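Dropping data.txt in here (compact mmCIF, C-alpha atoms):
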# COMPACT_ATOMS: atom_id res chain seq x y z
CA MET A 3 12.15 38.12 33.87
CA GLU A 4 9.50 35.44 33.69
CA GLU A 5 8.88 33.86 30.32
CA LYS A 6 5.23 33.96 29.37
CA PRO A 7 3.51 31.45 27.10
CA GLN A 8 2.69 32.56 23.59
CA ARG A 9 -1.02 32.66 22.84
CA ILE A 10 -2.10 31.53 19.42
CA VAL A 11 -5.05 32.85 17.50
CA LEU A 12 -5.77 30.43 14.70
CA THR A 13 -6.34 31.73 11.23
CA GLU A 14 -9.61 30.95 9.49
CA GLU A 15 -7.96 28.17 7.44
CA GLN A 16 -6.36 26.61 10.51
CA ARG A 17 -9.68 26.70 12.36
CA ARG A 18 -11.56 25.18 9.42
CA THR A 19 -9.09 22.33 8.85
CA ARG A 20 -8.87 21.58 12.57
CA ARG A 21 -12.65 21.29 12.76
CA ALA A 22 -12.69 18.96 9.72
CA ARG A 23 -9.96 16.79 11.25
CA SER A 24 -11.81 16.64 14.57
CA ILE A 25 -15.02 15.54 12.85
CA ALA A 26 -13.08 12.88 10.89
CA ILE A 27 -11.53 11.52 14.11
CA ALA A 28 -14.95 11.48 15.80
CA LEU A 29 -16.49 9.62 12.87
CA ALA A 30 -13.62 7.10 12.83
CA LEU A 31 -13.98 6.43 16.55
CA GLY A 32 -17.77 6.16 16.20
CA ALA A 33 -17.32 3.67 13.36
CA LEU A 34 -14.93 1.66 15.52
CA VAL A 35 -17.50 1.50 18.33
CA ILE A 36 -20.20 0.36 15.89
CA LEU A 37 -17.79 -2.20 14.38
CA PHE A 38 -17.03 -3.74 17.78
CA TYR A 39 -20.72 -3.74 18.69
CA VAL A 40 -21.84 -5.44 15.46
CA VAL A 41 -19.02 -8.02 15.54
CA THR A 42 -19.94 -8.83 19.15
CA LEU A 43 -23.52 -9.46 18.02
CA VAL A 44 -22.31 -11.58 15.10
CA LYS A 45 -19.89 -13.69 17.12
CA GLY A 46 -21.91 -13.92 20.29
CA PRO A 47 -20.02 -15.45 23.22
CA ALA A 48 -17.34 -16.63 20.76
CA VAL A 49 -16.10 -13.06 20.57
CA LEU A 50 -13.99 -13.88 23.62
CA ASN A 51 -12.51 -16.94 21.90
CA ARG A 52 -9.37 -15.68 20.17
CA PRO A 53 -7.22 -18.59 19.04
CA LEU A 54 -3.65 -17.84 18.12
CA MET B 14 -0.56 33.01 4.40
CA SER B 15 -0.89 31.66 7.88
CA SER B 16 1.92 31.86 10.35
CA VAL B 17 2.41 31.94 14.05
CA SER B 18 3.85 35.42 13.94
CA GLU B 19 0.72 36.71 12.25
CA GLY B 20 -1.70 34.85 14.45
CA ALA B 21 0.03 35.12 17.77
CA GLN B 22 -0.79 37.66 20.38
CA PHE B 23 2.14 38.39 22.59
CA ALA B 24 1.44 38.53 26.26
CA GLY B 25 4.81 39.93 27.19
CA SER B 26 8.12 41.08 25.86
CA ARG B 27 9.64 37.58 26.03
CA VAL B 28 7.73 34.68 24.55
CA ALA B 29 8.39 30.97 24.56
CA PRO B 30 8.99 29.60 21.06
CA LEU B 31 6.32 27.34 19.66
CA ALA B 32 7.16 23.71 18.97
CA CYS B 33 5.46 23.90 15.58
CA GLU B 34 2.92 25.84 13.60
CA PRO B 35 -0.74 24.91 13.86
CA SER B 36 -1.58 22.39 11.19
CA ILE B 37 -3.41 23.26 8.00
CA ALA B 38 -3.69 19.63 6.88
CA THR B 39 -7.09 18.65 5.56
CA VAL B 40 -8.72 15.24 5.77
CA THR B 41 -7.89 14.81 2.08
CA ASP B 42 -4.20 15.36 2.84
CA TYR B 43 -4.30 12.57 5.40
CA LEU B 44 -6.12 10.29 2.96
CA ALA B 45 -3.40 11.02 0.38
CA LEU B 46 -0.81 9.84 2.92
CA MET B 47 -2.47 6.43 2.79
CA LYS B 48 -1.66 5.94 -0.93
CA PRO B 49 -5.27 5.13 -1.90
CA ARG B 50 -4.38 3.80 -5.37
CA VAL B 51 -1.94 1.26 -3.97
CA MET B 52 -4.46 0.47 -1.26
CA SER B 53 -7.16 -0.35 -3.83
CA LEU B 54 -5.04 -3.12 -5.41
CA VAL B 55 -4.11 -4.44 -1.96
CA VAL B 56 -7.77 -4.57 -0.92
CA PHE B 57 -8.82 -6.21 -4.18
CA THR B 58 -6.26 -9.03 -3.97
CA ALA B 59 -7.10 -9.58 -0.29
CA LEU B 60 -10.85 -9.56 -1.06
CA VAL B 61 -10.42 -12.30 -3.68
CA SER B 62 -8.35 -14.34 -1.25
CA VAL B 63 -10.94 -13.96 1.54
CA MET B 64 -13.68 -15.10 -0.84
CA ILE B 65 -11.94 -18.07 -2.48
CA ALA B 66 -10.42 -19.49 0.71
CA PRO B 67 -12.14 -22.70 1.89
CA GLY B 68 -14.52 -22.51 4.81
CA HIS B 69 -17.04 -19.90 5.78
CA ILE B 70 -16.41 -16.40 7.05
CA HIS B 71 -19.27 -14.18 8.18
CA PRO B 72 -19.55 -11.19 5.80
CA MET B 73 -19.10 -8.80 8.73
CA ILE B 74 -15.90 -10.55 9.83
CA GLY B 75 -14.69 -10.59 6.22
CA PHE B 76 -15.44 -6.87 5.95
CA THR B 77 -13.55 -6.23 9.19
CA ALA B 78 -10.55 -8.16 7.87
CA LEU B 79 -10.50 -6.16 4.64
CA LEU B 80 -10.94 -2.89 6.53
CA CYS B 81 -7.95 -3.71 8.74
CA ILE B 82 -5.84 -4.76 5.75
CA ALA B 83 -6.75 -1.49 3.99
CA VAL B 84 -5.94 0.62 7.05
CA GLY B 85 -2.72 -1.33 7.62
CA ALA B 86 -1.69 -0.68 4.01
CA GLY B 87 -2.55 3.00 4.51
CA ALA B 88 -0.43 3.10 7.66
CA ALA B 89 2.52 1.60 5.79
CA GLY B 90 2.03 4.21 3.04
CA ALA B 91 1.99 7.06 5.57
CA LEU B 92 5.15 5.79 7.29
CA ASN B 93 6.80 5.39 3.87
CA MET B 94 5.96 9.00 3.01
CA TRP B 95 7.29 10.16 6.38
CA TYR B 96 10.64 8.42 5.89
CA ASP B 97 11.00 9.28 2.20
CA ALA B 98 9.92 12.93 2.41
CA ASP B 99 13.43 14.10 1.47
CA ILE B 100 13.62 12.13 -1.77
CA ASP B 101 9.92 12.61 -2.56
CA ALA B 102 10.61 16.35 -2.74
CA LEU B 103 13.22 15.74 -5.46
CA MET B 104 11.09 13.64 -7.81
CA SER B 105 8.36 15.07 -10.03
CA ARG B 106 6.12 12.01 -9.49
CA THR B 107 6.14 12.44 -5.71
CA SER B 108 6.83 16.13 -5.12
CA SER B 109 3.12 16.88 -4.76
CA ARG B 110 2.69 14.48 -1.85
CA PRO B 111 1.39 16.07 1.37
CA ILE B 112 4.73 16.28 3.24
CA PRO B 113 6.91 17.78 0.44
CA ARG B 114 4.07 20.22 -0.29
CA GLY B 115 4.10 21.35 3.32
CA ARG B 116 0.52 20.34 3.99
CA VAL B 117 1.35 17.71 6.62
CA ALA B 118 4.28 17.97 9.04
CA PRO B 119 6.59 14.93 9.12
CA GLY B 120 5.81 14.33 12.79
CA GLU B 121 2.08 14.32 12.07
CA ALA B 122 2.55 11.74 9.32
CA LEU B 123 4.66 9.58 11.64
CA ALA B 124 2.07 9.71 14.42
CA PHE B 125 -0.75 9.07 11.94
CA GLY B 126 1.04 6.01 10.52
CA ILE B 127 1.89 4.52 13.92
CA VAL B 128 -1.64 5.00 15.29
CA LEU B 129 -3.25 3.50 12.17
CA ALA B 130 -0.86 0.54 12.17
CA ALA B 131 -1.50 -0.18 15.86
CA PHE B 132 -5.28 0.05 15.43
CA ALA B 133 -5.31 -2.10 12.26
CA VAL B 134 -3.25 -4.90 13.83
CA ALA B 135 -5.08 -4.81 17.18
CA VAL B 136 -8.57 -4.79 15.66
CA LEU B 137 -7.67 -7.58 13.20
CA GLY B 138 -6.33 -9.66 16.08
CA LEU B 139 -9.26 -9.01 18.42
CA LEU B 140 -12.09 -9.37 15.90
CA VAL B 141 -10.73 -11.83 13.32
CA ASN B 142 -7.69 -13.87 14.37
CA TRP B 143 -4.12 -13.35 15.55
CA LEU B 144 -2.45 -15.20 12.67
CA ALA B 145 -3.87 -12.64 10.24
CA ALA B 146 -2.91 -9.83 12.64
CA ALA B 147 0.67 -11.11 12.96
CA LEU B 148 0.95 -11.30 9.16
CA LEU B 149 -0.37 -7.75 8.84
CA ALA B 150 2.12 -6.51 11.45
CA PHE B 151 4.93 -8.28 9.59
CA THR B 152 3.79 -6.77 6.27
CA ILE B 153 3.84 -3.23 7.68
CA PHE B 154 7.24 -3.86 9.30
CA PHE B 155 8.64 -5.31 6.07
CA TYR B 156 7.39 -2.41 3.93
CA VAL B 157 8.50 0.34 6.28
CA VAL B 158 11.72 -1.01 7.80
CA VAL B 159 13.06 -3.59 5.34
CA TYR B 160 11.99 -1.93 2.07
CA THR B 161 11.69 1.80 2.80
CA ALA B 162 14.36 2.38 5.42
CA TRP B 163 16.88 -0.29 4.40
CA LEU B 164 16.73 -1.62 0.85
CA LYS B 165 15.27 1.27 -1.13
CA ARG B 166 18.37 3.44 -0.91
CA LEU B 167 20.82 0.54 -0.84
CA THR B 168 20.32 -1.86 -3.73
CA PRO B 169 18.72 -2.07 -7.18
CA GLN B 170 17.03 -5.24 -5.92
CA ASN B 171 14.96 -3.01 -3.61
CA ILE B 172 11.64 -3.54 -5.35
CA VAL B 173 12.29 -7.25 -5.92
CA ILE B 174 12.73 -8.03 -2.22
CA GLY B 175 10.44 -5.22 -1.08
CA GLY B 176 7.75 -6.64 -3.37
CA ALA B 177 7.14 -9.26 -0.69
CA ALA B 178 5.23 -6.65 1.31
CA GLY B 179 2.81 -6.01 -1.55
CA SER B 180 2.45 -9.76 -2.09
CA LEU B 181 1.28 -10.57 1.43
CA PRO B 182 -2.30 -9.15 1.49
CA PRO B 183 -3.82 -12.25 -0.18
CA VAL B 184 -2.01 -14.38 2.40
CA ILE B 185 -3.48 -12.22 5.19
CA GLY B 186 -6.92 -12.54 3.62
CA TRP B 187 -6.54 -16.32 3.45
CA ALA B 188 -5.45 -16.46 7.08
CA ALA B 189 -8.44 -14.29 8.06
CA THR B 190 -10.86 -16.81 6.54
CA THR B 191 -9.21 -20.11 7.42
CA GLY B 192 -7.03 -19.27 10.42
CA SER B 193 -4.20 -21.18 8.73
CA LEU B 194 -1.93 -21.16 5.68
CA SER B 195 -1.41 -23.58 2.81
CA LEU B 196 0.12 -23.80 -0.67
CA GLU B 197 -2.69 -21.85 -2.36
CA PRO B 198 -2.05 -18.47 -0.66
CA CYS B 199 1.67 -19.05 -1.26
CA LEU B 200 0.93 -19.28 -5.00
CA LEU B 201 -1.02 -16.01 -4.81
CA PHE B 202 1.97 -14.50 -3.00
CA LEU B 203 4.32 -15.69 -5.75
CA ILE B 204 2.13 -14.29 -8.53
CA ILE B 205 2.31 -10.76 -7.07
CA PHE B 206 5.97 -11.20 -6.09
CA PHE B 207 7.06 -11.99 -9.66
CA TRP B 208 4.64 -9.44 -11.11
CA THR B 209 6.17 -6.58 -9.12
CA PRO B 210 9.58 -6.24 -10.89
CA PRO B 211 8.27 -5.90 -14.47
CA HIS B 212 5.51 -3.59 -13.20
CA PHE B 213 7.84 -1.24 -11.30
CA TRP B 214 10.76 -1.38 -13.68
CA ALA B 215 8.44 -0.41 -16.56
CA LEU B 216 7.58 2.68 -14.50
CA SER B 217 11.22 3.30 -13.57
CA LEU B 218 12.19 3.29 -17.28
CA LEU B 219 9.91 6.31 -17.61
CA ARG B 220 11.36 8.01 -14.52
CA VAL B 221 15.11 7.42 -14.82
CA ASP B 222 15.92 11.13 -14.43
CA ASP B 223 13.72 11.37 -11.34
CA TYR B 224 15.44 8.44 -9.64
CA ALA B 225 18.90 9.63 -10.64
CA ARG B 226 18.16 13.10 -9.20
CA ALA B 227 17.06 11.52 -5.92
CA ARG B 228 20.12 9.21 -6.02
CA LEU B 229 17.95 6.15 -5.69
CA PRO B 230 19.70 2.99 -6.91
CA MET B 231 16.87 1.84 -9.14
CA LEU B 232 17.90 -0.74 -11.73
CA PRO B 233 17.86 1.61 -14.78
CA VAL B 234 20.04 4.10 -12.87
CA VAL B 235 22.56 1.54 -11.62
CA ALA B 236 22.64 -1.10 -14.36
CA GLY B 237 21.26 0.90 -17.28
CA THR B 238 18.06 0.71 -19.29
CA GLU B 239 19.37 -2.17 -21.43
CA GLU B 240 19.79 -4.47 -18.44
CA THR B 241 16.43 -3.33 -17.02
CA ARG B 242 14.68 -4.30 -20.26
CA ARG B 243 16.36 -7.71 -20.18
CA GLN B 244 15.29 -8.33 -16.59
CA ILE B 245 11.75 -7.15 -17.28
CA LEU B 246 11.51 -9.78 -20.02
CA CYS B 247 13.04 -12.50 -17.79
CA TYR B 248 10.65 -11.81 -14.91
CA SER B 249 7.68 -11.68 -17.29
CA LEU B 250 8.65 -15.10 -18.69
CA VAL B 251 8.86 -16.51 -15.16
CA LEU B 252 5.53 -14.88 -14.26
CA VAL B 253 3.55 -16.80 -16.91
CA PRO B 254 3.97 -20.33 -15.45
CA ILE B 255 3.53 -18.99 -11.91
CA GLY B 256 0.32 -17.28 -12.99
CA VAL B 257 -0.95 -20.60 -14.38
CA ALA B 258 0.23 -22.59 -11.33
CA PRO B 259 -3.09 -22.47 -9.37
CA TRP B 260 -4.68 -24.33 -12.32
CA PHE B 261 -1.70 -26.69 -12.70
CA PHE B 262 -2.00 -27.71 -9.05
CA GLY B 263 -5.73 -28.31 -9.46
CA TYR B 264 -6.97 -25.42 -7.33
CA THR B 265 -8.93 -23.80 -10.18
CA HIS B 266 -10.82 -24.79 -13.32
CA ALA B 267 -9.82 -24.40 -16.95
CA LEU B 268 -11.43 -20.95 -17.11
CA TYR B 269 -8.70 -19.56 -14.87
CA GLY B 270 -5.92 -21.58 -16.51
CA VAL B 271 -6.74 -20.47 -20.05
CA THR B 272 -7.23 -16.83 -18.96
CA ALA B 273 -3.93 -16.81 -17.02
CA LEU B 274 -2.16 -18.29 -20.03
CA ALA B 275 -3.63 -15.73 -22.44
CA ALA B 276 -2.99 -12.80 -20.08
CA GLY B 277 0.55 -14.09 -19.48
CA ALA B 278 1.16 -14.27 -23.23
CA LEU B 279 0.07 -10.63 -23.56
CA MET B 280 2.31 -9.65 -20.62
CA VAL B 281 5.29 -11.30 -22.34
CA MET B 282 4.36 -9.60 -25.61
CA PHE B 283 4.39 -6.16 -23.96
CA ALA B 284 7.67 -7.00 -22.18
CA TRP B 285 9.12 -8.17 -25.51
CA ARG B 286 8.18 -4.83 -27.08
CA VAL B 287 9.96 -3.00 -24.26
CA TRP B 288 13.03 -5.17 -24.85
CA LYS B 289 12.99 -4.67 -28.62
CA GLN B 290 12.15 -0.95 -28.64
CA ARG B 291 15.40 0.45 -27.28
CA GLN B 292 15.60 3.64 -29.28
CA GLY B 293 13.30 6.15 -30.88
CA GLU B 294 9.90 7.58 -30.09
CA GLY B 295 8.30 4.27 -29.19
CA THR B 296 10.62 3.58 -26.24
CA ASP B 297 8.56 5.38 -23.62
CA ARG B 298 5.31 4.26 -25.21
CA ALA B 299 6.31 0.58 -24.94
CA ALA B 300 7.24 1.00 -21.26
CA HIS B 301 4.01 2.85 -20.58
CA HIS B 302 1.96 0.14 -22.29
CA LEU B 303 3.65 -2.56 -20.21
CA PHE B 304 3.09 -0.59 -16.99
CA ALA B 305 -0.61 -0.10 -17.80
CA PHE B 306 -1.15 -3.68 -18.91
CA SER B 307 0.63 -5.11 -15.86
CA ILE B 308 -2.05 -3.54 -13.64
CA LEU B 309 -4.76 -5.00 -15.86
CA TYR B 310 -2.97 -8.37 -15.81
CA LEU B 311 -3.09 -8.63 -12.03
CA PHE B 312 -6.70 -7.44 -11.95
CA ILE B 313 -7.72 -10.02 -14.58
CA LEU B 314 -5.98 -12.90 -12.80
CA PHE B 315 -7.57 -12.20 -9.42
CA ALA B 316 -10.99 -11.36 -10.89
CA VAL B 317 -11.01 -14.65 -12.82
CA LEU B 318 -9.84 -16.51 -9.72
CA LEU B 319 -12.94 -15.22 -7.97
CA ILE B 320 -15.28 -15.99 -10.89
CA ASP B 321 -13.73 -19.44 -11.27
CA ALA B 322 -14.20 -20.25 -7.59
CA ARG B 323 -17.66 -18.75 -7.14
CA LEU B 324 -19.43 -19.31 -10.46
CA VAL B 325 -17.68 -22.28 -12.02
CA GLY B 326 -16.72 -24.10 -8.83

Now that the file is in, can you turn its structure into structure tokens?
Amino acid sequence: MEEKPQRIVLTEEQRRTRRARSIAIALALGALVILFYVVTLVKGPAVLNRPL
Amino acid sequence: MSSVSEGAQFAGSRVAPLACEPSIATVTDYLALMKPRVMSLVVFTALVSVMIAPGHIHPMIGFTALLCIAVGAGAAGALNMWYDADIDALMSRTSSRPIPRGRVAPGEALAFGIVLAAFAVAVLGLLVNWLAAALLAFTIFFYVVVYTAWLKRLTPQNIVIGGAAGSLPPVIGWAATTGSLSLEPCLLFLIIFFWTPPHFWALSLLRVDDYARARLPMLPVVAGTEETRRQILCYSLVLVPIGVAPWFFGYTHALYGVTALAAGALMVMFAWRVWKQRQGEGTDRAAHHLFAFSILYLFILFAVLLIDARLVG
């Protein structure tokens, strides 16, 4: 007999916390993009100069 | 209560088992994994170092460096909580952490810590410099592997050697500004290194039962409270001249030197009280006072370092 995948219906708490975590990850990634953009403006062409 | 069995709809008579339950961890739970209180002291000491180091650093680059140091410290905290979840559950001080409470699964904490560590090191290297990034990577490695996984359960010298990880943030901050190292950041390293034992052992005197229950070889458990008090006093006596050293070597003005001397005298006084008060009601109070003052001591020293360099210098 073929094994069928189990479908999950999230509870209200699981749905709420997942949404909050997703928003937090999105904000963190957005902040990272802004950080790289601003630092590129600050450093100019020197942003590619990365001395060890 | 949420569970898979309640939430699942079965499509057939035989179902594949789930790898794990859907997470209920909140953003706050993940922030707690990063040990924000420890992080605040790390960021403060690094901030002072970034600001007093010679040369100029653009405020945005300085902010980036501090952000990466903070995130790196948070990553180390998360990985520490992942590895120590078993003993955290046994101690009253740590039993409410996200993993023992069942809010965050161990695997989630591990993944969170690794991702944060990788991002912190990579961003610091790409946007600031690779010396600072290498030092941050070493700090995370030292805290997680050398201290947490190796020394913590092995020797009563765990927090002495492991204290090196907490001492490195000012060195990273210095490297972020200057791109090099010198004697001055080494002195900042030594101040925190010799501050750590009296700070942590004062706390461990208050938590002997906790550590014994978790079978952690902290000094009061292994060598007894008498020996711990003696070593607290010894380390505090050594800390005073090291605290004054930046002035002695001519890196600061008298404002810092006099403040470090006065704060050091108070630190020794509190350590002396812990050593003298071996029995009776005042025992815990003396240890608590030393623990609280030790935090203030480090804050005062670094705050005055900043004032001395920026306002007096």

Could you list, as an mmCIF file with C-alpha atoms, in the frame of the given file, every residue within 9 Å of Thr152 of chain B, counting all atoms listed in the file and ignoring same-chain residues fewer than 2 positions away?
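Output file around_37.cif follows:
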data_model
loop_
_atom_site.group_PDB
_atom_site.id
_atom_site.type_symbol
_atom_site.label_atom_id
_atom_site.label_comp_id
_atom_site.auth_asym_id
_atom_site.auth_seq_id
_atom_site.Cartn_x
_atom_site.Cartn_y
_atom_site.Cartn_z
ATOM 1 C CA GLY B 85 -2.720 -1.330 7.620
ATOM 2 C CA ALA B 86 -1.690 -0.680 4.010
ATOM 3 C CA ALA B 89 2.520 1.600 5.790
ATOM 4 C CA ALA B 147 0.670 -11.110 12.960
ATOM 5 C CA LEU B 148 0.950 -11.300 9.160
ATOM 6 C CA LEU B 149 -0.370 -7.750 8.840
ATOM 7 C CA ALA B 150 2.120 -6.510 11.450
ATOM 8 C CA PHE B 154 7.240 -3.860 9.300
ATOM 9 C CA PHE B 155 8.640 -5.310 6.070
ATOM 10 C CA TYR B 156 7.390 -2.410 3.930
ATOM 11 C CA VAL B 157 8.500 0.340 6.280
ATOM 12 C CA ALA B 177 7.140 -9.260 -0.690
ATOM 13 C CA ALA B 178 5.230 -6.650 1.310
ATOM 14 C CA GLY B 179 2.810 -6.010 -1.550
ATOM 15 C CA SER B 180 2.450 -9.760 -2.090
ATOM 16 C CA LEU B 181 1.280 -10.570 1.430
ATOM 17 C CA PRO B 182 -2.300 -9.150 1.490
#

>> Please check the contacts: residues of chain A at most 7 Å away from chain B, using all atoms listed in the file, listed as a ChimeraX atom specification.
In response: /A:5-13,15-16,19,22-23,41,52-54

> What is the atom CA of Met280 of chain B to atom CA of Lys48 of chain B distance in Å?
Replying inline: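 Answer for the atom CA of Met280 of chain B to atom CA of Lys48 of chain B separation: 25.4 Å.
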
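Comparing B:Leu318, B:Ser109, B:Val84, B:Leu60 by their smallest distance to Ala30 of chain A, the closest is B:Val84 (using all atoms listed in the file).
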
> Which protein, DNA or RNA residues have an atom at most 10 Å from (0.0, 13.8, 9.5), counting only C-alpha atoms? List them as an NGL selection string.
Replying inline: :B and (36 or 38-40 or 42-44 or 46 or 91-92 or 95 or 111-112 or 116-126)
